[in-house]
Amino acid sequence: MNSFDLVVIGSGPGGQKAAICAAKLGKRVAIAERQKELVGGVCLHTGTIPSKTMREAILHLTGFRQREVYGDQYRSRKSITMDALRQKLAQVSRREWDVIQDQFDRNGVETLVGEASFVDPHTIEVLNIEGPILIEADKVLLAPGTKPARPPHIPFDGRTVFDSDEFLELDHIPRSMIVVGGGVIGVEYGLMMATLGVRVTIIDGRDRLLDFCDREIVDSLVYNARSMGVTFRLGENVAEVRRVGVNSVAVELESGKRILGETVLFSVGREGDSASLNLEAAGLAPDSRGRIVVGDGFQTDVPHVYAVGDIVGFPALASASMEQGRQAVCHAFGVPARKMGEIPYGLFTVPEISSIGKSEQQLTADHVPYEVGLARFSEIARGQIAGDESGMLKLLFHRETRQLLGIHAIGESSTEIIHIGQAVMAFGGTLDYFRDSVFNYPTMAEAYKVAALDGLNKLTAYDEEVVGGWFEPEPAAGESVREVEPAEKVVLAV
Ligand SMILES: Cc1cc2nc3c(=O)[nH]c(=O)nc-3n(C[C@H](O)[C@H](O)[C@H](O)COP(=O)(O)OP(=O)(O)OC[C@H]3O[C@@H](n4cnc5c(N)ncnc54)[C@H](O)[C@@H]3O)c2cc1C
Ligand SMILES: NC(=O)c1ccc[n+]([C@@H]2O[C@H](COP(=O)([O-])OP(=O)(O)OC[C@H]3O[C@@H](n4cnc5c(N)ncnc54)[C@H](O)[C@@H]3O)[C@@H](O)[C@H]2O)c1
């Protein structure tokens, strides 16, 4: 029987980075993936990468970014088909697949095709059409991911009623789509379809959409969505979904409302894909949602078994899964690793939104004295060039120390520019950094400077009005005092 220092189950982002990291440490590593010749996981084949590639295709083919200039009716292509939207998916997936497979080969990671399960705590069976093979593992890392929740009473047929994995296979763009579940997936796909002119209704059991995001940003997203014709039914639960004839679906809500549509995307969350692992043979048990509980360093209750990625639950992001994989391997092989810092969120809605740190609602609940610096993309030259009139960047900072506490953005390049603030936050920086720095021009990054000046102006205005003096925090012990020129005061105050 072949034996390895580490056997990884699942080749999504968590498993991939774990395998490469262990190989770089000089360990013998095998990675098992049940999708034949399809390393990359949900992330590469049905989730992150295809959905973002499709979004880009929609924005491109509809000419969405040019609508501010040419009007709402502008389209760069008059008729758009699912096949046209899918054209780039295969190309991007194939290239990404090549990159991952190449990394495994270069680093001597053995790829095993087949479904892996525990025989005993240190023996793994990998089963494929050629039969089972047994391998021995000193340590095991589980990264099997999740699958869409599919309640038995919902009449899925992959055509009129489908889950998010089936979405990409639609044969045509429907005239209308009812989205059940306004979580990240439902809102991302719902708004993509609305951009194509599909009549979209989003239903969610909660009163507020995306309640982990800053409220003003979500309000702005909802405003934009409504202007594209999206209807929201919030605080409503679905009682029944019924297919009507060949091309219609009726959704009945518990409140008695009835909605008729051509298609239904059912996206009410995902559950751990752990059933095939035979966890009991390793002395483990999944929770009621199929997830695996981990402690420090992503170690399970069985010390040589680790779990990372969506299978461990929150935050269930490709971005975080990769780092979890690396951290788990460091823990397993005694390599020191820093704890993960604040995780940014990037929601590829239309328009995109992104955030890191605390929201206004959290700071208010915690009684933190904060102020907001705001930049509207309509006043950023690059925003005008990119055709974004409605985006904004919000910097939340401590009123006394000026330390950055949260960053929230909606609009063009939000998911990219968030990382500028992330770095400043990670190093404990203050708003002053943005005031004092020069940014490339014209770029979206300029929004940081505009927002910082806005925030500092608010402090100044308050101070001049209420305290009657110029606000400058007391220098900390050992810190030199920076003289503020009167001219600078004038610039800040306008
Ligand atoms: C529609 C959609 C859009 C998303 N968009 C984003 C985004 O924009 N940004 C972001 O950060 N995240 C996004 N996510 C989340 C992201 O895809 C996941 O967080 C990420 O894929 C989780 O990685 P993972 O390592 O847990 O493995 P996964 O990617 O879930 O892959 C797990 C792999 O394990 C394999 N496997 C399972 N059991 C076995 C077994 N017994 N034997 C062998 N192989 C097995 C599966 O076949 C699969 O290939 C999105 C998800 C979806 C569904
Ligand atoms: N850009 C990104 O980072 C990105 C994109 C897509 C997905 N993801 C990841 O994928 C995960 C799964 O996303 P998801 O959207 O499937 O799940 P989710 O848990 O985020 O959302 C499910 C939503 O469905 C609602 N819901 C549940 N049952 C309902 C019912 N019967 N009727 C009406 N509403 C109901 C819930 O209130 C919730 O808002 C996310 O947690 C996220 O981490 C990330």
# chains A, B, ... in the order shown; residues from 1 in each chain; ligands from 1

call {"tool": "residues_near_ligand", "arguments": {"ligand": "ligand 2", "cutoff": "8 Å", "atoms": "only C-alpha atoms and all ligand atoms", "output": "compact mmCIF listing (two decimals) with C-alpha atoms, in the first residue's frame"}}
result
# COMPACT_ATOMS: atom_id res chain seq x y z
CA GLY A 47 -19.21 28.24 -8.45
CA THR A 48 -16.83 31.17 -8.23
CA PRO A 148 -26.80 23.06 -2.99
CA ALA A 149 -29.57 22.33 -0.47
CA SER A 164 -27.26 27.20 -8.54
CA VAL A 180 -35.97 31.75 -3.88
CA GLY A 181 -33.28 32.68 -1.33
CA GLY A 182 -31.74 36.14 -1.46
CA GLY A 183 -28.33 35.10 -0.12
CA VAL A 184 -25.13 35.86 -1.99
CA ILE A 185 -25.78 33.35 -4.77
CA GLY A 186 -29.42 34.33 -5.30
CA VAL A 187 -28.62 38.06 -5.42
CA GLU A 188 -25.56 37.64 -7.68
CA ILE A 203 -37.86 36.13 -2.31
CA ASP A 204 -36.18 35.81 1.08
CA GLY A 205 -37.42 34.75 4.51
CA ARG A 206 -35.44 37.52 6.21
CA LEU A 209 -31.16 41.33 2.38
CA LEU A 210 -27.48 40.42 2.97
CA GLY A 235 -39.83 38.49 5.08
CA GLU A 236 -41.69 35.93 2.98
CA ASN A 237 -41.36 32.17 3.07
CA VAL A 238 -42.13 29.86 0.20
CA ALA A 239 -44.91 27.38 0.85
CA SER A 267 -30.78 28.99 -3.76
CA VAL A 268 -31.48 28.73 -0.05
CA GLY A 269 -27.98 27.75 1.07
CA ARG A 270 -25.56 24.86 0.76
CA ASP A 310 -16.81 25.26 2.97
CA PHE A 314 -18.38 30.31 7.83
CA PRO A 315 -17.14 32.24 5.87
CA ALA A 316 -17.45 29.68 3.02
CA LEU A 317 -15.39 31.68 0.54
CA ALA A 318 -12.81 30.51 -1.97
CA TYR A 345 -16.11 40.26 1.30
CA GLY A 346 -16.52 40.75 -2.40
CA LEU A 347 -20.02 40.33 -3.79
CA PHE A 348 -20.10 40.30 -7.56
CA THR A 349 -23.54 41.75 -7.81

call {"tool": "residues_near_ligand", "arguments": {"ligand": "ligand 1", "cutoff": "7 Å", "atoms": "only C-alpha atoms and all ligand atoms", "output": "mmCIF file with C-alpha atoms, in the first residue's frame"}}
result
data_model
loop_
_atom_site.group_PDB
_atom_site.id
_atom_site.type_symbol
_atom_site.label_atom_id
_atom_site.label_comp_id
_atom_site.auth_asym_id
_atom_site.auth_seq_id
_atom_site.Cartn_x
_atom_site.Cartn_y
_atom_site.Cartn_z
ATOM 1 C CA ILE A 9 -9.598 14.881 -0.094
ATOM 2 C CA GLY A 10 -11.121 17.419 -2.467
ATOM 3 C CA SER A 11 -9.284 19.630 -4.984
ATOM 4 C CA GLY A 12 -11.120 22.937 -4.474
ATOM 5 C CA PRO A 13 -9.216 26.016 -3.255
ATOM 6 C CA GLY A 14 -8.744 24.662 0.308
ATOM 7 C CA GLY A 15 -7.403 21.283 -0.784
ATOM 8 C CA ALA A 32 -8.036 12.713 -4.251
ATOM 9 C CA GLU A 33 -10.746 14.222 -6.460
ATOM 10 C CA ARG A 34 -13.828 12.310 -7.518
ATOM 11 C CA GLN A 35 -14.603 14.489 -10.560
ATOM 12 C CA VAL A 39 -9.379 19.244 -10.304
ATOM 13 C CA GLY A 40 -10.510 22.670 -9.093
ATOM 14 C CA GLY A 41 -13.646 21.892 -7.129
ATOM 15 C CA VAL A 42 -16.923 23.772 -6.962
ATOM 16 C CA CYS A 43 -14.877 26.958 -7.200
ATOM 17 C CA LEU A 44 -13.598 26.217 -10.698
ATOM 18 C CA THR A 46 -19.802 25.360 -10.865
ATOM 19 C CA GLY A 47 -19.208 28.243 -8.450
ATOM 20 C CA THR A 48 -16.830 31.166 -8.227
ATOM 21 C CA SER A 51 -20.261 32.718 -12.188
ATOM 22 C CA LYS A 52 -17.743 35.551 -12.325
ATOM 23 C CA GLY A 114 -11.931 8.747 -7.474
ATOM 24 C CA GLU A 115 -14.174 9.078 -4.453
ATOM 25 C CA ALA A 116 -12.169 8.904 -1.241
ATOM 26 C CA SER A 117 -13.420 7.550 2.083
ATOM 27 C CA ALA A 143 -11.792 19.684 1.817
ATOM 28 C CA PRO A 144 -14.885 18.141 0.216
ATOM 29 C CA GLY A 145 -16.877 21.382 0.030
ATOM 30 C CA THR A 146 -20.645 21.726 -0.180
ATOM 31 C CA SER A 164 -27.260 27.201 -8.543
ATOM 32 C CA ASP A 165 -25.090 24.346 -9.895
ATOM 33 C CA ILE A 185 -25.783 33.346 -4.772
ATOM 34 C CA ASP A 273 -20.697 17.288 1.098
ATOM 35 C CA SER A 274 -19.407 14.856 3.710
ATOM 36 C CA SER A 276 -19.231 9.922 1.041
ATOM 37 C CA LEU A 277 -16.271 10.251 3.439
ATOM 38 C CA VAL A 308 -10.874 23.335 5.669
ATOM 39 C CA GLY A 309 -13.034 25.204 3.194
ATOM 40 C CA ASP A 310 -16.805 25.256 2.974
ATOM 41 C CA ILE A 311 -17.085 21.989 4.911
ATOM 42 C CA ALA A 316 -17.446 29.683 3.015
ATOM 43 C CA LEU A 317 -15.392 31.676 0.538
ATOM 44 C CA ALA A 318 -12.812 30.509 -1.972
ATOM 45 C CA SER A 319 -10.539 33.300 -0.751
ATOM 46 C CA ALA A 320 -10.637 32.145 2.875
ATOM 47 C CA SER A 321 -10.557 28.428 1.988
ATOM 48 C CA MET A 322 -7.140 28.818 0.349
ATOM 49 C CA GLY A 346 -16.521 40.748 -2.403
ATOM 50 C CA LEU A 347 -20.016 40.326 -3.795
ATOM 51 C CA PHE A 348 -20.103 40.297 -7.563
#

call {"tool": "closest_atom_pairs", "arguments": {"of": "region 161-181 of chain A", "to": "region 84-95 of chain A", "cutoff": "12 Å", "atoms": "only C-alpha atoms", "output": "JSON lines"}}
result
{"residue": "A:Phe167", "atom": "CA", "partner": "A:Arg86", "partner_atom": "CA", "distance": 11.2}
{"residue": "A:Leu168", "atom": "CA", "partner": "A:Arg86", "partner_atom": "CA", "distance": 7.7}
{"residue": "A:Glu169", "atom": "CA", "partner": "A:Arg86", "partner_atom": "CA", "distance": 8.8}
{"residue": "A:Leu170", "atom": "CA", "partner": "A:Arg86", "partner_atom": "CA", "distance": 9.9}
{"residue": "A:Asp171", "atom": "CA", "partner": "A:Arg86", "partner_atom": "CA", "distance": 10.4}
{"residue": "A:His172", "atom": "CA", "partner": "A:Leu85", "partner_atom": "CA", "distance": 10.3}
{"residue": "A:Ile173", "atom": "CA", "partner": "A:Leu85", "partner_atom": "CA", "distance": 9.9}

call {"tool": "write_last_selection", "arguments": {"atoms": "N, CA and C atoms", "output": "CSV table (one decimal), in the first residue's frame"}}
result
chain,number,residue,atom,x,y,z
A,167,PHE,N,-27.7,26.2,-12.9
A,167,PHE,CA,-28.0,27.5,-13.5
A,167,PHE,C,-27.2,27.7,-14.8
A,168,LEU,N,-25.9,27.3,-14.8
A,168,LEU,CA,-25.0,27.6,-15.9
A,168,LEU,C,-25.4,26.7,-17.1
A,169,GLU,N,-26.2,25.7,-16.9
A,169,GLU,CA,-26.6,24.8,-18.0
A,169,GLU,C,-27.9,25.2,-18.7
A,170,LEU,N,-28.5,26.3,-18.3
A,170,LEU,CA,-29.8,26.7,-18.9
A,170,LEU,C,-29.6,26.8,-20.4
A,171,ASP,N,-30.7,26.3,-21.1
A,171,ASP,CA,-30.5,26.3,-22.6
A,171,ASP,C,-30.9,27.6,-23.2
A,172,HIS,N,-31.7,28.5,-22.5
A,172,HIS,CA,-32.0,29.8,-23.1
A,172,HIS,C,-32.1,30.8,-21.9
A,173,ILE,N,-32.1,32.1,-22.3
A,173,ILE,CA,-32.3,33.1,-21.3
A,173,ILE,C,-33.8,33.3,-21.1

call {"tool": "select_by_dssp", "arguments": {"residues": "region 149-284 of chain A", "states": "strand (DSSP E or B)", "output": "VMD selection string"}}
result
chain A and resid 161 to 162 176 to 180 199 to 204 231 to 234 238 to 244 248 to 253 258 to 261 263 to 266 270 to 272

call {"tool": "write_last_selection", "arguments": {"atoms": "C-alpha atoms", "output": "short mmCIF file (atom, residue, chain, number, x, y, z; two decimals), in the first residue's frame"}}
result
data_model
loop_
_atom_site.label_atom_id
_atom_site.label_comp_id
_atom_site.auth_asym_id
_atom_site.auth_seq_id
_atom_site.Cartn_x
_atom_site.Cartn_y
_atom_site.Cartn_z
CA VAL A 161 -36.76 24.75 -11.47
CA PHE A 162 -33.02 24.57 -10.88
CA SER A 176 -38.66 35.84 -16.07
CA MET A 177 -36.93 34.25 -13.11
CA ILE A 178 -38.10 33.85 -9.51
CA VAL A 179 -35.16 33.56 -7.13
CA VAL A 180 -35.97 31.75 -3.88
CA ARG A 199 -37.95 40.09 -15.07
CA VAL A 200 -36.56 38.99 -11.70
CA THR A 201 -38.34 38.51 -8.35
CA ILE A 202 -36.19 37.78 -5.30
CA ILE A 203 -37.86 36.13 -2.31
CA ASP A 204 -36.18 35.81 1.08
CA THR A 231 -39.06 42.96 -7.35
CA PHE A 232 -38.18 42.02 -3.77
CA ARG A 233 -40.43 39.95 -1.55
CA LEU A 234 -38.64 40.03 1.81
CA VAL A 238 -42.13 29.86 0.20
CA ALA A 239 -44.91 27.38 0.85
CA GLU A 240 -44.93 25.60 -2.51
CA VAL A 241 -43.28 25.57 -5.90
CA ARG A 242 -45.38 24.00 -8.66
CA ARG A 243 -44.61 23.48 -12.33
CA VAL A 244 -47.48 24.70 -14.52
CA SER A 248 -44.24 28.13 -16.25
CA VAL A 249 -43.74 27.75 -12.54
CA ALA A 250 -46.02 28.97 -9.75
CA VAL A 251 -44.55 29.92 -6.38
CA GLU A 252 -46.92 30.23 -3.45
CA LEU A 253 -45.81 32.14 -0.38
CA ARG A 258 -48.73 33.83 -5.67
CA ILE A 259 -46.06 34.53 -8.25
CA LEU A 260 -45.92 33.09 -11.74
CA GLY A 261 -42.64 32.91 -13.63
CA THR A 263 -38.16 29.74 -14.19
CA VAL A 264 -37.20 29.37 -10.52
CA LEU A 265 -33.66 29.50 -9.16
CA PHE A 266 -33.78 27.79 -5.77
CA ARG A 270 -25.56 24.86 0.76
CA GLU A 271 -24.86 21.79 2.88
CA GLY A 272 -21.63 19.95 3.66
#

call {"tool": "residues_around", "arguments": {"residues": "Met340 (chain A)", "least_positions_apart": "2", "cutoff": "10 Å", "atoms": "only C-alpha atoms", "output": "PyMOL selection string"}}
result
chain A and resi 320+323-324+327+337-338+342-343

call {"tool": "write_last_selection", "arguments": {"atoms": "C-alpha atoms", "output": "PDB file, in the first residue's frame"}}
result
ATOM      1  CA  ALA A 320     -10.637  32.145   2.875  1.00  0.00           C
ATOM      2  CA  GLU A 323      -5.613  30.403   3.417  1.00  0.00           C
ATOM      3  CA  GLN A 324      -7.293  27.848   5.694  1.00  0.00           C
ATOM      4  CA  GLN A 327      -2.787  27.314   7.877  1.00  0.00           C
ATOM      5  CA  ALA A 337       1.614  30.631  11.083  1.00  0.00           C
ATOM      6  CA  ARG A 338      -0.099  33.870  12.014  1.00  0.00           C
ATOM      7  CA  GLU A 342      -9.913  40.436   8.819  1.00  0.00           C
ATOM      8  CA  ILE A 343     -11.481  38.786   5.784  1.00  0.00           C
TER       9      ILE A 343
END

call {"tool": "closest_atom_pairs", "arguments": {"of": "region 157-245 of chain A", "to": "region 63-67 of chain A", "cutoff": "12 Å", "atoms": "only C-alpha atoms", "output": "tab-separated table"}}
result
residue	atom	partner	partner_atom	distance
A:Met192	CA	A:Phe64	CA	10.7
A:Ala194	CA	A:Phe64	CA	11.3
A:Thr195	CA	A:Phe64	CA	7.5
A:Leu196	CA	A:Phe64	CA	9.2
A:Gly197	CA	A:Phe64	CA	11.2
A:Met228	CA	A:Phe64	CA	11.4

call {"tool": "write_last_selection", "arguments": {"atoms": "N, CA and C atoms", "output": "PDB file, in the first residue's frame"}}
result
ATOM      1  N   MET A 192     -27.556  39.485 -12.228  1.00  0.00           N
ATOM      2  CA  MET A 192     -26.988  39.246 -13.567  1.00  0.00           C
ATOM      3  C   MET A 192     -28.118  39.111 -14.589  1.00  0.00           C
ATOM      4  N   ALA A 194     -31.182  40.233 -14.304  1.00  0.00           N
ATOM      5  CA  ALA A 194     -31.884  41.517 -14.463  1.00  0.00           C
ATOM      6  C   ALA A 194     -31.128  42.414 -15.439  1.00  0.00           C
ATOM      7  N   THR A 195     -29.799  42.337 -15.416  1.00  0.00           N
ATOM      8  CA  THR A 195     -28.980  43.138 -16.337  1.00  0.00           C
ATOM      9  C   THR A 195     -29.271  42.749 -17.786  1.00  0.00           C
ATOM     10  N   LEU A 196     -29.647  41.472 -17.968  1.00  0.00           N
ATOM     11  CA  LEU A 196     -29.968  40.997 -19.322  1.00  0.00           C
ATOM     12  C   LEU A 196     -31.401  41.361 -19.730  1.00  0.00           C
ATOM     13  N   GLY A 197     -32.122  41.987 -18.802  1.00  0.00           N
ATOM     14  CA  GLY A 197     -33.507  42.366 -19.110  1.00  0.00           C
ATOM     15  C   GLY A 197     -34.529  41.335 -18.651  1.00  0.00           C
ATOM     16  N   MET A 228     -33.593  48.378 -12.154  1.00  0.00           N
ATOM     17  CA  MET A 228     -33.481  47.433 -13.291  1.00  0.00           C
ATOM     18  C   MET A 228     -34.734  46.541 -13.346  1.00  0.00           C
TER      19      MET A 228
END

call {"tool": "select_by_dssp", "arguments": {"residues": "region 242-380 of chain A", "states": "alpha helix (DSSP H)", "output": "PyMOL selection string"}}
result
chain A and resi 318-332+360-365

call {"tool": "residues_around", "arguments": {"residues": "region 217-225 of chain A", "least_positions_apart": "5", "cutoff": "10 Å", "atoms": "only C-alpha atoms", "output": "number ranges by chain"}}
result
A: 187, 190-191, 194-195, 200, 208-212, 230-232, 349-355, 359, 390-394, 408-411

call {"tool": "closest_residue", "arguments": {"among": "A:Gln403, A:Glu262, A:Ala423, A:Ala447", "to": "Arg376 (chain A)", "atoms": "only C-alpha atoms"}}
result
A:Ala447

call {"tool": "atom_distance", "arguments": {"atom1": "CA of Gly283 (chain A)", "atom2": "CA of Pro121 (chain A)"}}
result
7.1 Å

call {"tool": "closest_residue", "arguments": {"among": "A:Ser413, A:Gln362, A:Thr111, A:Ser3", "to": "Lys36 (chain A)", "atoms": "only C-alpha atoms"}}
result
A:Thr111

call {"tool": "residues_around", "arguments": {"residues": "Tyr370 (chain A)", "least_positions_apart": "6", "cutoff": "10 Å", "atoms": "only C-alpha atoms", "output": "list of chain:residue names"}}
result
A:Glu360, A:Leu363, A:Thr364, A:Leu395, A:Leu396, A:Phe397, A:His398, A:Arg399, A:Glu400, A:Thr401, A:Arg402, A:Gln403, A:Leu404, A:Leu405, A:Gly406, A:Gly455

call {"tool": "closest_residue", "arguments": {"among": "A:Pro303, A:Gly341, A:Gly313, A:Gly158", "to": "Ala328 (chain A)", "atoms": "only C-alpha atoms"}}
result
A:Pro303
